[in-house]
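K.L.:
Just target.cif, nothing more (mmCIF, C-alpha atoms):
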```
data_my_file
#
loop_
_atom_site.label_atom_id
_atom_site.label_comp_id
_atom_site.auth_asym_id
_atom_site.auth_seq_id
_atom_site.Cartn_x
_atom_site.Cartn_y
_atom_site.Cartn_z
CA MET A 1 15.93 25.40 -19.64
CA SER A 2 12.62 23.86 -18.59
CA ILE A 3 12.13 24.19 -14.82
CA CYS A 4 9.24 22.74 -12.80
CA THR A 5 8.64 23.85 -9.21
CA PHE A 6 6.39 22.33 -6.57
CA VAL A 7 6.25 24.57 -3.52
CA ARG A 8 3.31 25.33 -1.24
CA SER A 9 4.58 28.65 0.04
CA GLU A 10 3.46 31.54 -2.16
CA SER A 11 6.25 33.72 -0.82
CA LEU A 12 8.79 31.06 -1.80
CA ALA A 13 7.18 30.69 -5.22
CA GLN A 14 7.52 34.43 -5.74
CA SER A 15 11.15 34.41 -4.63
CA LEU A 16 11.83 31.79 -7.32
CA ARG A 17 9.94 33.70 -10.01
CA ASP A 18 11.95 36.85 -9.44
CA PRO A 19 15.38 35.53 -10.53
CA LEU A 20 14.09 33.06 -13.15
CA CYS A 21 11.55 35.27 -14.88
CA SER A 22 13.06 38.72 -14.48
CA GLU A 23 13.18 40.56 -17.80
CA SER A 24 16.28 42.43 -16.67
CA LEU A 25 17.98 39.10 -15.97
CA LYS A 26 17.07 37.80 -19.40
CA GLU A 27 18.63 40.86 -20.99
CA ALA A 28 21.76 40.56 -18.90
CA ILE A 29 22.56 36.89 -19.37
CA ALA A 30 23.19 34.74 -22.42
CA VAL A 31 20.34 33.13 -24.30
CA GLU A 32 21.30 29.65 -23.10
CA HIS A 33 20.51 30.60 -19.49
CA ARG A 34 16.88 31.56 -20.11
CA TYR A 35 14.26 29.54 -18.30
CA LEU A 36 10.79 28.22 -19.01
CA LEU A 37 9.25 28.16 -15.52
CA ASN A 38 6.23 26.03 -14.58
CA GLN A 39 5.05 26.53 -10.99
CA ILE A 40 2.65 23.95 -9.58
CA PHE A 41 0.94 23.99 -6.18
CA SER A 42 -1.00 20.69 -5.93
CA LEU A 43 0.29 17.12 -5.92
CA PRO A 44 -2.18 15.71 -8.50
CA GLU A 45 -1.40 18.53 -10.92
CA PHE A 46 2.34 18.05 -10.31
CA PHE A 47 2.23 14.31 -11.06
CA ASP A 48 0.16 14.84 -14.20
CA TRP A 49 2.46 17.56 -15.49
CA VAL A 50 5.66 15.65 -14.78
CA GLU A 51 4.30 12.49 -16.42
CA GLN A 52 3.41 14.42 -19.57
CA HIS A 53 6.65 16.43 -19.75
CA LYS A 54 9.19 14.18 -18.03
CA GLN A 55 11.43 13.97 -21.11
CA GLN A 56 11.65 17.75 -21.41
CA ILE A 57 12.15 18.76 -17.77
CA ASP A 58 15.68 19.99 -17.10
CA CYS A 59 15.36 20.49 -13.33
CA LEU A 60 12.83 20.14 -10.50
CA ILE A 61 12.65 22.55 -7.58
CA LEU A 62 10.92 21.05 -4.55
CA GLN A 63 10.05 22.27 -1.07
CA GLU A 64 10.83 19.88 1.74
CA ASP A 65 7.68 19.22 3.76
CA TRP A 66 5.43 16.35 4.89
CA SER A 67 4.49 15.44 1.29
CA LEU A 68 8.02 15.12 -0.08
CA ARG A 69 8.49 11.46 0.80
CA SER A 70 5.29 10.34 -0.98
CA LEU A 71 6.15 12.58 -3.92
CA ILE A 72 9.59 11.02 -4.30
CA ASN A 73 8.22 7.50 -3.89
CA ARG A 74 5.71 8.20 -6.67
CA LEU A 75 8.48 9.42 -8.97
CA TYR A 76 10.45 6.24 -8.29
CA GLU A 77 7.42 4.07 -9.02
CA GLN A 78 7.08 5.87 -12.37
CA GLY A 79 10.78 5.35 -13.10
CA ILE A 80 11.51 9.10 -13.17
CA LEU A 81 14.89 10.53 -12.08
CA LEU A 82 15.57 14.21 -12.76
CA PRO A 83 17.94 16.94 -11.59
CA VAL A 84 16.52 18.51 -8.42
CA VAL A 85 17.01 21.37 -6.01
CA ILE A 86 15.38 20.75 -2.60
CA LEU A 87 14.74 23.79 -0.41
CA SER A 88 14.49 23.11 3.32
CA GLY A 89 13.44 25.19 6.28
CA VAL A 90 10.19 26.71 4.98
CA THR A 91 8.21 27.42 8.15
CA ASP A 92 5.17 29.48 7.18
CA GLU A 93 1.90 27.87 8.25
CA ALA A 94 0.44 27.51 4.77
CA SER A 95 3.42 25.43 3.62
CA GLN A 96 3.30 23.08 6.63
CA ARG A 97 -0.41 22.31 6.66
CA SER A 98 -2.21 21.07 3.56
CA THR A 99 -4.25 18.18 2.17
CA THR A 100 -2.78 14.80 1.32
CA LEU A 101 -3.76 12.61 -1.59
CA ASP A 102 -6.27 10.75 0.58
CA GLY A 103 -7.93 14.03 1.64
CA GLN A 104 -6.68 14.06 5.22
CA ASP A 105 -5.02 17.06 6.83
CA ARG A 106 -1.42 16.53 7.92
CA THR A 107 0.97 18.80 9.76
CA SER A 108 4.70 18.13 9.71
CA THR A 109 8.09 19.77 9.56
CA ALA A 110 11.00 19.49 7.19
CA THR A 111 13.19 17.79 9.78
CA ASP A 112 10.70 14.92 10.10
CA SER A 113 11.18 13.82 6.48
CA THR A 114 14.93 14.29 6.71
CA GLN A 115 15.11 11.88 9.64
CA VAL A 116 13.01 9.30 7.79
CA LEU A 117 14.66 9.48 4.39
CA GLY A 118 18.30 9.54 5.46
CA SER A 119 21.34 11.30 3.99
CA TYR A 120 19.66 12.15 0.72
CA LEU A 121 16.02 12.41 -0.24
CA TYR A 122 15.69 11.77 -3.99
CA HIS A 123 19.10 10.70 -5.30
CA PRO A 124 22.80 11.32 -4.51
CA GLY A 125 23.02 14.05 -7.15
CA GLU A 126 20.39 16.28 -5.57
CA VAL A 127 21.16 19.82 -4.34
CA TYR A 128 19.79 20.19 -0.81
CA VAL A 129 20.03 23.72 0.59
CA PRO A 130 18.20 25.96 3.08
CA VAL A 131 15.47 28.18 1.68
CA THR A 132 17.59 31.22 2.50
CA GLN A 133 19.61 30.38 -0.62
CA ALA A 134 16.58 30.61 -2.92
CA ASP A 135 17.92 33.88 -4.32
CA LYS A 136 20.85 31.86 -5.75
CA ILE A 137 18.50 29.50 -7.62
CA VAL A 138 20.15 30.06 -11.00
CA ARG A 139 23.49 28.74 -9.71
CA LEU A 140 21.75 25.98 -7.77
CA ILE A 141 20.04 24.75 -10.95
CA GLU A 142 23.38 24.66 -12.76
CA ARG A 143 24.88 22.71 -9.86
CA ALA A 144 21.94 20.27 -9.75
CA ILE A 145 22.28 19.49 -13.47
CA ALA A 146 26.06 19.09 -13.22
CA GLN A 147 25.69 16.63 -10.30
CA PHE A 148 22.89 14.76 -12.08
CA LEU A 149 25.19 14.15 -15.02
CA THR A 150 27.61 12.26 -12.75
CA LEU A 151 24.84 10.14 -11.20
CA ALA A 152 25.33 6.41 -11.69
CA PRO A 153 22.28 4.38 -12.77
CA THR A 154 23.01 1.99 -9.90
CA CYS A 155 22.38 4.61 -7.19
CA LEU A 156 20.41 3.21 -4.26
CA LEU A 157 16.94 4.33 -3.26
CA PRO A 158 17.00 6.33 -0.02
CA ASP A 159 13.79 4.65 1.15
CA ARG A 160 14.53 0.90 1.28
CA SER A 161 10.86 0.11 1.92
CA ILE A 162 10.08 0.82 -1.75
CA SER A 163 9.82 -2.42 -3.72
CA ILE A 164 11.08 -2.01 -7.30
CA ASP A 165 11.15 -5.06 -9.58
CA ALA A 166 13.99 -5.66 -12.02
CA ILE A 167 12.02 -4.48 -15.07
CA THR A 168 11.03 -1.20 -13.38
CA GLU A 169 14.62 -0.69 -12.30
CA LEU A 170 15.74 -1.26 -15.89
CA HIS A 171 13.23 1.32 -17.12
CA THR A 172 14.50 3.79 -14.50
CA GLN A 173 18.11 3.26 -15.59
CA ASN A 174 17.04 3.66 -19.21
CA PHE A 175 15.22 6.91 -18.44
CA LEU A 176 18.15 8.23 -16.38
CA MET A 177 20.65 7.59 -19.14
CA LEU A 178 18.44 9.16 -21.80
CA GLN A 179 18.02 12.26 -19.62
CA GLN A 180 21.75 12.44 -18.97
CA ARG A 181 22.48 12.14 -22.68
CA ARG A 182 19.89 14.80 -23.57
CA LEU A 183 21.23 17.21 -20.96
CA THR A 184 24.83 16.48 -21.91
CA GLU A 185 24.16 17.32 -25.55
CA LYS A 186 22.15 20.38 -24.60
CA LEU A 187 24.84 21.69 -22.28
CA LYS A 188 27.65 20.70 -24.60
CA GLU A 189 26.15 22.95 -27.26
CA ARG A 190 25.48 25.84 -24.87
CA LEU A 191 27.82 25.59 -21.91
CA GLY A 192 30.65 23.33 -23.03
CA TYR A 193 29.97 20.49 -20.58
CA LEU A 194 31.90 17.28 -21.20
CA GLY A 195 30.27 13.92 -21.86
CA VAL A 196 29.44 11.49 -19.09
CA TYR A 197 30.41 7.83 -18.78
CA TYR A 198 28.00 5.41 -17.22
CA LYS A 199 28.03 2.37 -15.00
CA ARG A 200 25.69 -0.59 -15.06
CA ASN A 201 24.21 -2.78 -12.37
CA PRO A 202 25.15 -6.46 -12.98
CA GLN A 203 22.02 -7.54 -11.09
CA SER A 204 19.97 -6.11 -13.97
CA PHE A 205 21.87 -8.10 -16.60
CA PHE A 206 19.75 -10.39 -18.76
CA ARG A 207 21.53 -13.54 -17.67
CA TYR A 208 20.67 -12.88 -14.01
CA LEU A 209 16.96 -12.19 -14.53
CA SER A 210 14.28 -14.74 -13.71
CA ARG A 211 12.70 -16.70 -16.53
CA THR A 212 9.59 -14.50 -16.46
CA GLU A 213 11.64 -11.30 -16.43
CA LYS A 214 13.71 -12.56 -19.36
CA GLN A 215 10.57 -13.24 -21.37
CA GLU A 216 9.16 -9.80 -20.55
CA LEU A 217 12.38 -8.07 -21.52
CA LEU A 218 12.71 -9.98 -24.80
CA GLN A 219 9.09 -9.22 -25.61
CA GLN A 220 9.75 -5.53 -24.99
CA LEU A 221 12.89 -5.56 -27.15
CA ARG A 222 11.11 -7.37 -29.98
CA ALA A 223 8.26 -4.85 -29.91
CA GLU A 224 10.69 -1.90 -29.91
CA TYR A 225 12.78 -3.39 -32.71
CA ARG A 226 9.69 -4.07 -34.81
CA LYS A 227 8.74 -0.41 -34.39
CA ILE A 228 12.22 0.62 -35.53
CA VAL A 229 12.04 -1.58 -38.63
CA LEU A 230 8.56 -0.42 -39.64
CA SER A 231 9.54 3.25 -39.42
CA TYR A 232 13.17 3.02 -40.54
CA PHE A 233 12.64 4.16 -44.13
CA SER A 234 9.92 6.63 -43.28
CA LYS A 235 10.25 10.27 -42.27
CA GLU A 236 9.35 9.46 -38.65
CA SER A 237 10.90 12.21 -36.52
CA THR A 238 11.13 10.04 -33.40
CA LEU A 239 13.12 7.22 -35.03
CA ASN A 240 16.44 8.18 -33.42
CA GLN A 241 14.80 8.38 -30.01
CA THR A 242 13.25 4.92 -30.53
CA ILE A 243 16.65 3.51 -31.48
CA ASP A 244 18.21 5.17 -28.42
CA GLN A 245 15.58 3.64 -26.15
CA PHE A 246 16.13 0.18 -27.63
CA VAL A 247 19.91 0.46 -27.40
CA THR A 248 20.00 1.76 -23.81
CA THR A 249 17.65 -1.00 -22.69
CA ALA A 250 19.93 -3.57 -24.35
CA PHE A 251 23.01 -1.88 -22.88
CA PHE A 252 21.81 -1.90 -19.28
CA ALA A 253 20.63 -5.50 -19.62
CA ASP A 254 24.00 -6.51 -21.15
CA ILE A 255 22.27 -7.87 -24.24
CA SER A 256 24.80 -9.26 -26.70
CA VAL A 257 25.02 -8.36 -30.37
CA SER A 258 24.18 -11.97 -31.24
CA GLN A 259 20.88 -11.66 -29.35
CA ILE A 260 20.01 -8.52 -31.31
CA VAL A 261 20.84 -10.36 -34.55
CA GLU A 262 18.55 -13.16 -33.42
CA ILE A 263 15.72 -10.69 -32.76
CA HIS A 264 16.28 -9.22 -36.23
CA MET A 265 16.27 -12.62 -37.95
CA GLU A 266 13.10 -13.70 -36.13
CA LEU A 267 11.33 -10.53 -37.28
CA MET A 268 12.59 -10.92 -40.86
CA ASP A 269 11.36 -14.52 -40.83
CA ASP A 270 7.90 -13.34 -39.78
CA PHE A 271 7.89 -10.70 -42.51
CA SER A 272 9.07 -13.29 -45.05
CA LYS A 273 6.18 -15.61 -44.26
CA GLN A 274 3.75 -12.70 -44.55
CA LEU A 275 5.16 -11.69 -47.95
CA GLN A 276 4.92 -15.29 -49.18
CA VAL A 277 1.28 -15.43 -48.21
CA GLU A 278 0.69 -12.17 -50.08
CA GLY A 279 2.64 -13.44 -53.10
CA ARG A 280 5.20 -10.63 -52.90
CA SER A 281 8.98 -10.70 -53.33
CA GLU A 282 11.17 -11.08 -50.26
CA GLU A 283 14.01 -9.03 -51.74
CA VAL A 284 12.72 -5.91 -49.96
CA LEU A 285 13.82 -7.48 -46.67
CA LEU A 286 17.46 -7.21 -47.72
CA ASP A 287 17.25 -3.45 -47.30
CA TYR A 288 16.59 -3.92 -43.59
CA ARG A 289 20.13 -5.13 -43.09
CA LEU A 290 20.83 -1.41 -42.82
CA THR A 291 18.53 -1.28 -39.80
CA LEU A 292 20.47 -4.04 -38.07
CA ILE A 293 23.81 -2.40 -38.88
CA ASP A 294 22.54 0.96 -37.57
CA VAL A 295 21.29 -0.50 -34.28
CA ILE A 296 24.47 -2.53 -33.72
CA ALA A 297 26.57 0.56 -34.45
CA HIS A 298 24.61 2.51 -31.82
CA LEU A 299 25.10 -0.30 -29.29
CA CYS A 300 28.83 -0.54 -30.00
CA GLU A 301 29.13 3.21 -29.51
CA MET A 302 27.27 2.87 -26.22
CA TYR A 303 29.72 0.23 -25.01
CA ARG A 304 32.65 2.35 -26.19
CA ARG A 305 31.40 5.37 -24.28
CA SER A 306 30.81 3.30 -21.15
CA ILE A 307 34.53 2.62 -20.78
CA PRO A 308 36.03 5.32 -18.49
CA ARG A 309 38.87 7.27 -20.03
CA GLU A 310 42.31 6.89 -18.54
CA SER A 311 43.36 9.91 -16.48
#
```
Can the structure from this file be put into structure tokens for me?
P.N.:
Amino acid sequence: MSICTFVRSESLAQSLRDPLCSESLKEAIAVEHRYLLNQIFSLPEFFDWVEQHKQQIDCLILQEDWSLRSLINRLYEQGILLPVVILSGVTDEASQRSTTLDGQDRTSTATDSTQVLGSYLYHPGEVYVPVTQADKIVRLIERAIAQFLTLAPTCLLPDRSISIDAITELHTQNFLMLQQRRLTEKLKERLGYLGVYYKRNPQSFFRYLSRTEKQELLQQLRAEYRKIVLSYFSKESTLNQTIDQFVTTAFFADISVSQIVEIHMELMDDFSKQLQVEGRSEEVLLDYRLTLIDVIAHLCEMYRRSIPRES
């Protein structure tokens, strides 16, 4: 499991290293519980690392202090939702006083950010515990991932002052679902976790978007579908991920199969004109019916999985 921590207290960082990196622990537990730990102590470095590795991170561990609100806001602006354990009640001086992104010194306490952010800080699936439970971090990580898998894409931001447009919200939902699917498959193989069924936000549906937002979304889908077609018969290792991204975007926007067919036909028409100019046969385009069938099959499976099972 890939774990990223951002804590300012060195003593807390050490208390997290002990259970996650202990050789004796690794020998005692199953292979699937081993951890790749990345400990970061500065905000710029944290943001850079998370941006580069956001699709591989299995859980964040954060210290609640004066910087947590800006950190969470930045993650929202980047459309990043991840499993998280938040440790509160760190009181050593080094962890309370540091330098903000603008270079100014700030001193604050954990309770200040709690009062500002409300009942939860990052998302409803977070694990928020006192720092005295840091020695139980292995179980807390498992709990954070389990709760993340039940998180609905329509969860509300805790800080209502953040302005997120519909396209950014769609990207966030897309990222969340991809992370949930990745973790579900990973845990299903190793820990026997069951699959997760998802809910959508009707306000993000294509038919409710503004004219500009509709054009932007269609442009994005056309670009993604073109990428799928161009790499479909190659040995591109990221093809399945590209199809997943296209399908989840279409799913959360409630894009119909007929609209996907229209996107396909428009692209085939463009390719046909290009082949005519080059004096080449258009028969090769018939093979790309397989691409359309594949994408539609993925989307149908997505809709099938979105229907909750009867108890």
K.L.:
Between atom CA of A:Met1 and atom CA of A:Tyr35, what is the spacing in Å?
P.N.:
4.7 Å
K.L.:
Could you list the residues chosen by the PyMOL selection byres ((chain A and resi 43) around 10) in this structure as a list in words?
P.N.:
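Evaluating the PyMOL selection byres ((chain A and resi 43) around 10) on these coordinates yields Phe6, Val7, Arg8, Ile40, Phe41, Ser42, Pro44, Glu45, Phe46, Phe47, Asp48, Trp49, Ser67, Leu68, Ser70, Leu71, Thr99, Thr100 and Leu101 of chain A.
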K.L.:
For A:Leu36, list every protein, DNA or RNA residue within 9 Å, evaluated using all atoms listed in the file, and leave out those in the same chain fewer than 6 positions away; present the list as a list in words.
P.N.:
Met1, Ser2, Ile3, Cys4, Leu20 and Cys21 of chain A
K.L.:
Create the file for the chosen residues now, containing C-alpha atoms and written as an mmCIF file, in the coordinates of the input.
P.N.:
```cif
data_model
loop_
_atom_site.group_PDB
_atom_site.id
_atom_site.type_symbol
_atom_site.label_atom_id
_atom_site.label_comp_id
_atom_site.auth_asym_id
_atom_site.auth_seq_id
_atom_site.Cartn_x
_atom_site.Cartn_y
_atom_site.Cartn_z
ATOM 1 C CA MET A 1 15.930 25.400 -19.640
ATOM 2 C CA SER A 2 12.620 23.860 -18.590
ATOM 3 C CA ILE A 3 12.130 24.190 -14.820
ATOM 4 C CA CYS A 4 9.240 22.740 -12.800
ATOM 5 C CA LEU A 20 14.090 33.060 -13.150
ATOM 6 C CA CYS A 21 11.550 35.270 -14.880
#
```
K.L.:
Quick one, how far is atom CA of A:Glu278 from atom CA of A:Ser231?
P.N.:
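One can read the atom CA of A:Glu278 to atom CA of A:Ser231 distance as 20.7 Å.
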K.L.:
Can you tell me which residues surround A:Glu282 at a distance of at most 10 Å, considering all atoms listed in the file, apart from same-chain residues fewer than 2 positions away, and format the answer as a PyMOL selection string?
P.N.:
chain A and resi 268+271-276+279-280+284-286
